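Q: Data: work_15.pdb, PDB, C-alpha atoms, pLDDT in the B column.
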MODEL        1
ATOM      1  CA  MET H   1     156.461  31.441 117.689  1.00 53.00           C
ATOM      2  CA  LYS H   2     156.287  28.665 115.060  1.00 62.00           C
ATOM      3  CA  GLN H   3     152.499  28.510 115.417  1.00 60.00           C
ATOM      4  CA  ASP H   4     152.310  32.275 114.929  1.00 82.00           C
ATOM      5  CA  LYS H   5     154.175  32.086 111.580  1.00 82.00           C
ATOM      6  CA  LYS H   6     151.958  29.237 110.375  1.00 85.00           C
ATOM      7  CA  GLU H   7     148.825  31.119 111.401  1.00 86.00           C
ATOM      8  CA  LYS H   8     150.068  34.255 109.654  1.00 85.00           C
ATOM      9  CA  ARG H   9     150.862  32.291 106.474  1.00 87.00           C
ATOM     10  CA  ASN H  10     147.382  30.702 106.529  1.00 88.00           C
ATOM     11  CA  ASN H  11     145.743  34.110 107.023  1.00 88.00           C
ATOM     12  CA  ILE H  12     147.652  35.515 104.045  1.00 89.00           C
ATOM     13  CA  LEU H  13     146.700  32.464 101.961  1.00 92.00           C
ATOM     14  CA  TYR H  14     143.006  32.881 102.805  1.00 93.00           C
ATOM     15  CA  SER H  15     143.192  36.568 102.010  1.00 93.00           C
ATOM     16  CA  VAL H  16     144.829  35.883  98.631  1.00 94.00           C
ATOM     17  CA  LEU H  17     142.149  33.270  97.879  1.00 96.00           C
ATOM     18  CA  GLY H  18     139.509  35.855  98.809  1.00 95.00           C
ATOM     19  CA  PHE H  19     141.131  38.345  96.449  1.00 96.00           C
ATOM     20  CA  VAL H  20     141.137  35.793  93.609  1.00 96.00           C
ATOM     21  CA  LEU H  21     137.482  34.950  94.354  1.00 96.00           C
ATOM     22  CA  GLY H  22     136.542  38.636  94.274  1.00 96.00           C
ATOM     23  CA  ILE H  23     138.310  39.240  90.965  1.00 97.00           C
ATOM     24  CA  ALA H  24     136.712  36.081  89.528  1.00 97.00           C
ATOM     25  CA  MET H  25     133.251  37.272  90.588  1.00 96.00           C
ATOM     26  CA  CYS H  26     133.843  40.637  88.899  1.00 96.00           C
ATOM     27  CA  GLY H  27     135.020  38.851  85.752  1.00 96.00           C
ATOM     28  CA  ILE H  28     132.045  36.497  85.681  1.00 95.00           C
ATOM     29  CA  GLY H  29     129.642  39.407  86.126  1.00 95.00           C
ATOM     30  CA  ILE H  30     131.219  41.436  83.323  1.00 95.00           C
ATOM     31  CA  TYR H  31     131.518  38.406  81.024  1.00 95.00           C
ATOM     32  CA  GLY H  32     127.877  37.430  81.641  1.00 92.00           C
ATOM     33  CA  MET H  33     126.554  40.917  80.947  1.00 91.00           C
ATOM     34  CA  ILE H  34     128.591  41.233  77.743  1.00 92.00           C
ATOM     35  CA  LEU H  35     127.609  37.745  76.539  1.00 89.00           C
ATOM     36  CA  ASN H  36     123.953  38.404  77.306  1.00 87.00           C
ATOM     37  CA  ARG H  37     124.069  41.674  75.373  1.00 88.00           C
ATOM     38  CA  ILE H  38     125.853  40.110  72.372  1.00 88.00           C
ATOM     39  CA  GLU H  39     123.338  37.247  72.145  1.00 87.00           C
ATOM     40  CA  SER H  40     120.414  39.662  72.354  1.00 86.00           C
ATOM     41  CA  GLN H  41     121.849  41.868  69.610  1.00 89.00           C
ATOM     42  CA  GLU H  42     122.683  38.898  67.382  1.00 90.00           C
ATOM     43  CA  TYR H  43     119.154  37.555  67.722  1.00 90.00           C
ATOM     44  CA  LYS H  44     117.666  40.983  67.060  1.00 90.00           C
ATOM     45  CA  ASN H  45     119.796  41.561  63.940  1.00 90.00           C
ATOM     46  CA  THR H  46     119.682  38.083  62.388  1.00 91.00           C
ATOM     47  CA  THR H  47     117.943  37.615  59.063  1.00 90.00           C
ATOM     48  CA  ASP H  48     117.408  33.873  59.558  1.00 92.00           C
ATOM     49  CA  LYS H  49     114.950  32.884  62.293  1.00 93.00           C
ATOM     50  CA  ARG H  50     113.028  29.649  61.945  1.00 93.00           C
ATOM     51  CA  GLU H  51     111.110  27.027  63.841  1.00 94.00           C
ATOM     52  CA  VAL H  52     112.475  23.494  63.850  1.00 94.00           C
ATOM     53  CA  ILE H  53     111.650  20.241  65.572  1.00 93.00           C
ATOM     54  CA  ALA H  54     114.082  19.300  68.341  1.00 94.00           C
ATOM     55  CA  VAL H  55     114.440  16.015  70.195  1.00 94.00           C
ATOM     56  CA  VAL H  56     114.778  15.964  73.993  1.00 93.00           C
ATOM     57  CA  GLU H  57     118.074  14.225  74.829  1.00 93.00           C
ATOM     58  CA  SER H  58     117.932  14.668  78.607  1.00 91.00           C
ATOM     59  CA  CYS H  59     115.614  16.213  81.155  1.00 90.00           C
ATOM     60  CA  ARG H  60     115.995  17.133  84.811  1.00 89.00           C
ATOM     61  CA  GLU H  61     113.548  18.624  87.278  1.00 87.00           C
ATOM     62  CA  ILE H  62     114.147  22.072  88.762  1.00 82.00           C
ATOM     63  CA  ASP H  63     112.154  22.965  91.894  1.00 69.00           C
ATOM     64  CA  ASN H  64     111.137  26.638  91.773  1.00 60.00           C
ATOM     65  CA  SER H  65     109.077  26.851  94.969  1.00 54.00           C
ATOM     66  CA  ASP H  66     108.989  30.284  96.491  1.00 51.00           C
ATOM     67  CA  ASP H  67     108.047  31.468  99.980  1.00 47.00           C
ATOM     68  CA  LYS H  68     104.443  32.394  99.186  1.00 50.00           C
ATOM     69  CA  ASP H  69     103.790  28.873  97.859  1.00 49.00           C
ATOM     70  CA  LYS H  70     105.188  27.242 101.018  1.00 49.00           C
ATOM     71  CA  ASN H  71     102.037  28.252 102.892  1.00 51.00           C
ATOM     72  CA  LYS H  72      99.986  26.045 100.569  1.00 52.00           C
ATOM     73  CA  LYS H  73     100.292  22.360 101.307  1.00 51.00           C
ATOM     74  CA  ASN H  74     101.878  20.302  98.494  1.00 55.00           C
ATOM     75  CA  SER H  75     102.108  23.370  96.259  1.00 56.00           C
ATOM     76  CA  ARG H  76     105.316  23.773  94.303  1.00 62.00           C
ATOM     77  CA  SER H  77     106.354  25.157  90.967  1.00 75.00           C
ATOM     78  CA  VAL H  78     108.354  22.641  88.965  1.00 83.00           C
ATOM     79  CA  LYS H  79     110.271  23.369  85.793  1.00 86.00           C
ATOM     80  CA  TYR H  80     112.179  20.994  83.589  1.00 88.00           C
ATOM     81  CA  ARG H  81     115.623  21.794  82.192  1.00 89.00           C
ATOM     82  CA  THR H  82     116.177  19.909  78.942  1.00 91.00           C
ATOM     83  CA  LYS H  83     119.051  19.302  76.582  1.00 93.00           C
ATOM     84  CA  LEU H  84     117.794  19.419  72.995  1.00 94.00           C
ATOM     85  CA  ALA H  85     119.234  18.229  69.696  1.00 94.00           C
ATOM     86  CA  PHE H  86     118.043  19.809  66.465  1.00 94.00           C
ATOM     87  CA  GLU H  87     119.016  19.856  62.837  1.00 93.00           C
ATOM     88  CA  VAL H  88     119.142  22.784  60.423  1.00 93.00           C
ATOM     89  CA  ASP H  89     120.132  22.367  56.772  1.00 90.00           C
ATOM     90  CA  GLY H  90     121.537  18.891  57.440  1.00 90.00           C
ATOM     91  CA  LYS H  91     123.793  20.017  60.303  1.00 93.00           C
ATOM     92  CA  SER H  92     123.219  18.941  63.931  1.00 93.00           C
ATOM     93  CA  TYR H  93     123.156  21.364  66.860  1.00 94.00           C
ATOM     94  CA  GLU H  94     122.447  21.206  70.585  1.00 93.00           C
ATOM     95  CA  GLY H  95     120.971  23.616  73.098  1.00 91.00           C
ATOM     96  CA  GLU H  96     119.182  23.853  76.427  1.00 90.00           C
ATOM     97  CA  GLU H  97     115.619  24.916  77.140  1.00 89.00           C
ATOM     98  CA  THR H  98     113.375  25.149  80.218  1.00 86.00           C
ATOM     99  CA  TYR H  99     109.761  23.973  80.182  1.00 86.00           C
ATOM    100  CA  ASN H 100     106.926  24.379  82.681  1.00 85.00           C
ATOM    101  CA  GLN H 101     105.387  20.996  81.867  1.00 86.00           C
ATOM    102  CA  LYS H 102     106.887  17.521  82.061  1.00 86.00           C
ATOM    103  CA  VAL H 103     108.796  16.432  78.958  1.00 86.00           C
ATOM    104  CA  TYR H 104     110.389  13.068  78.388  1.00 88.00           C
ATOM    105  CA  VAL H 105     113.576  11.921  76.703  1.00 91.00           C
ATOM    106  CA  GLY H 106     112.780  11.307  73.043  1.00 91.00           C
ATOM    107  CA  ASP H 107     109.902  13.829  72.896  1.00 91.00           C
ATOM    108  CA  LYS H 108     109.829  16.120  69.883  1.00 93.00           C
ATOM    109  CA  VAL H 109     109.274  19.812  70.572  1.00 92.00           C
ATOM    110  CA  LYS H 110     109.028  22.874  68.359  1.00 93.00           C
ATOM    111  CA  VAL H 111     111.725  25.475  69.040  1.00 92.00           C
ATOM    112  CA  GLU H 112     112.780  28.772  67.508  1.00 93.00           C
ATOM    113  CA  VAL H 113     116.382  28.980  66.321  1.00 93.00           C
ATOM    114  CA  TYR H 114     118.415  31.760  64.739  1.00 93.00           C
ATOM    115  CA  ARG H 115     121.586  31.962  62.698  1.00 92.00           C
ATOM    116  CA  THR H 116     124.502  33.694  64.423  1.00 90.00           C
ATOM    117  CA  SER H 117     127.081  35.873  62.712  1.00 88.00           C
ATOM    118  CA  LYS H 118     129.401  32.830  62.717  1.00 89.00           C
ATOM    119  CA  GLY H 119     126.906  30.831  60.665  1.00 89.00           C
ATOM    120  CA  ILE H 120     125.819  28.420  63.384  1.00 90.00           C
ATOM    121  CA  TYR H 121     122.294  28.035  64.721  1.00 92.00           C
ATOM    122  CA  LYS H 122     121.343  28.568  68.348  1.00 91.00           C
ATOM    123  CA  LEU H 123     118.146  28.389  70.334  1.00 90.00           C
ATOM    124  CA  ARG H 124     116.415  31.706  70.832  1.00 88.00           C
ATOM    125  CA  PRO H 125     117.942  33.535  73.831  1.00 84.00           C
ATOM    126  CA  TYR H 126     115.655  34.344  76.712  1.00 77.00           C
ATOM    127  CA  ASN H 127     116.637  37.396  78.696  1.00 70.00           C
ATOM    128  CA  ASN H 128     116.428  35.947  82.176  1.00 71.00           C
ATOM    129  CA  LEU H 129     115.981  38.613  84.855  1.00 79.00           C
ATOM    130  CA  VAL H 130     117.529  36.376  87.535  1.00 80.00           C
ATOM    131  CA  ASN H 131     120.744  35.969  85.524  1.00 82.00           C
ATOM    132  CA  PHE H 132     120.904  39.694  84.822  1.00 85.00           C
ATOM    133  CA  VAL H 133     120.488  40.526  88.522  1.00 89.00           C
ATOM    134  CA  PHE H 134     123.165  37.918  89.397  1.00 90.00           C
ATOM    135  CA  TYR H 135     125.609  39.551  86.970  1.00 91.00           C
ATOM    136  CA  CYS H 136     124.809  43.014  88.321  1.00 91.00           C
ATOM    137  CA  VAL H 137     125.330  41.908  91.930  1.00 94.00           C
ATOM    138  CA  ALA H 138     128.468  39.843  91.212  1.00 94.00           C
ATOM    139  CA  ILE H 139     130.475  42.845  89.994  1.00 95.00           C
ATOM    140  CA  PRO H 140     130.253  45.112  93.071  1.00 95.00           C
ATOM    141  CA  LEU H 141     130.241  42.163  95.491  1.00 96.00           C
ATOM    142  CA  GLY H 142     133.401  40.770  93.902  1.00 96.00           C
ATOM    143  CA  PHE H 143     134.978  44.221  94.053  1.00 96.00           C
ATOM    144  CA  ILE H 144     134.150  44.545  97.765  1.00 96.00           C
ATOM    145  CA  ILE H 145     135.575  41.072  98.496  1.00 95.00           C
ATOM    146  CA  ALA H 146     138.784  41.898  96.583  1.00 95.00           C
ATOM    147  CA  ILE H 147     139.243  45.225  98.392  1.00 96.00           C
ATOM    148  CA  ALA H 148     138.576  43.611 101.788  1.00 95.00           C
ATOM    149  CA  SER H 149     141.130  40.901 101.001  1.00 94.00           C
ATOM    150  CA  VAL H 150     143.801  43.439 100.058  1.00 93.00           C
ATOM    151  CA  TYR H 151     143.064  45.373 103.236  1.00 93.00           C
ATOM    152  CA  SER H 152     143.339  42.143 105.261  1.00 91.00           C
ATOM    153  CA  ILE H 153     146.708  41.311 103.684  1.00 87.00           C
ATOM    154  CA  ARG H 154     147.970  44.800 104.489  1.00 89.00           C
ATOM    155  CA  LEU H 155     146.936  44.411 108.137  1.00 86.00           C
ATOM    156  CA  ILE H 156     148.646  41.013 108.416  1.00 82.00           C
ATOM    157  CA  VAL H 157     151.873  42.239 106.811  1.00 81.00           C
ATOM    158  CA  LYS H 158     151.853  45.431 108.920  1.00 79.00           C
ATOM    159  CA  LYS H 159     151.857  43.382 112.148  1.00 73.00           C
ATOM    160  CA  GLU H 160     155.432  42.241 111.376  1.00 63.00           C
TER     161      GLU H 160
ENDMDL
END
Produce structure tokens that represent the structure in this file.

A:
Amino acid sequence: MKQDKKEKRNNILYSVLGFVLGIAMCGIGIYGMILNRIESQEYKNTTDKREVIAVVESCREIDNSDDKDKNKKNSRSVKYRTKLAFEVDGKSYEGEETYNQKVYVGDKVKVEVYRTSKGIYKLRPYNNLVNFVFYCVAIPLGFIIAIASVYSIRLIVKKE
């Protein structure tokens, strides 16, 4: 009997955690889509776009091998995710950029920046299809997880 109560409590806890996860996924998807849209509109409507020289502060390798490349021996697509520091009108800013070729810490690269409505400068946004698809999938998937969790809780409570 004691084990049954503990098991029931654990099942309810896991279901509540599933519900929270589902709601969080929905929120992340909505937040990402809205943020992506705002950045795109701000970049489109800005009157101050310029190219500046940025310094690479850090760099890490991202392996982007896909299934069709796995058939070729030693073939892989490598990208480099960098943290950049740049200066506009005497003020320092930071941003992140991805490159297809190797870059090193301390390298100077030319980047396009734009002035936001808040007066700060950001690196040009790139509408990444993978991120957009992730946001689109996260919303309904999170909703399904939340609904399944509520249904699970109802079944557990009904067994009393």

Q: Just the residues within 7 Å of stretch 51-59 of chain H, please, counting only C-alpha atoms, with nothing from its chain fewer than 2 positions along; format it as a PyMOL selection string.

A: chain H and resi 61+80-86+104-113

Q: I need the output of the PyMOL selection byres ((chain H and resi 134) around 12) for this file as a list in words; which residues are they?

A: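 Checked against the file, the PyMOL selection byres ((chain H and resi 134) around 12) matches Met25, Cys26, Ile28, Gly29, Ile30, Tyr31, Gly32, Met33, Asn128, Leu129, Val130, Asn131, Phe132, Val133, Tyr135, Cys136, Val137, Ala138, Ile139, Pro140, Leu141 and Gly142 of chain H.
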
Q: Go through H:Glu7, H:Phe19, H:Tyr14, H:Gln41 one by one, measure the shortest atom-to-atom distance of each to H:Val150 using all atoms listed in the file, and give the residue with the smallest value.

A: H:Phe19

Q: Can you work out which one of H:Asn10, H:Ser40, H:Asn100, H:Ser92 has the shortest atom-to-atom distance to H:Val78, counting all atoms listed in the file?

A: H:Asn100

Q: Starting from the shown file, work through the PyMOL selection byres ((chain H and resi 39) around 12) and note down what comes out as a PyMOL selection string.

A: chain H and resi 32-38+40-46+114-117+121-127

Q: In Å, with one decimal, what is the gap from atom CA of H:Lys49 to atom CA of H:Val103?

A: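 The value is 24.2 Å.
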
Q: For H:Glu94, which of H:Lys8, H:Ile120, H:Ile144, H:Ala24 is the closest residue, counting all atoms listed in the file?

A: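 Under the stated criterion, the closest residue is H:Ile120.
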
Q: Please report the interatomic distance between atom CA of H:Ser149 and atom CA of H:Val20 in Å with one decimal.

A: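 Going from atom CA of H:Ser149 over to atom CA of H:Val20 covers 9.0 Å.
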
Q: When distances are computed from all atoms listed in the file, which of H:Ile145, H:Val157, H:Ile62, H:Leu17 shows the smallest separation from H:Lys5?

A: H:Val157

Q: Measure the distance from atom CA of H:Glu87 to atom CA of H:Lys118 in Å and round it to one decimal.

A: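 These two atoms are separated by 16.6 Å.
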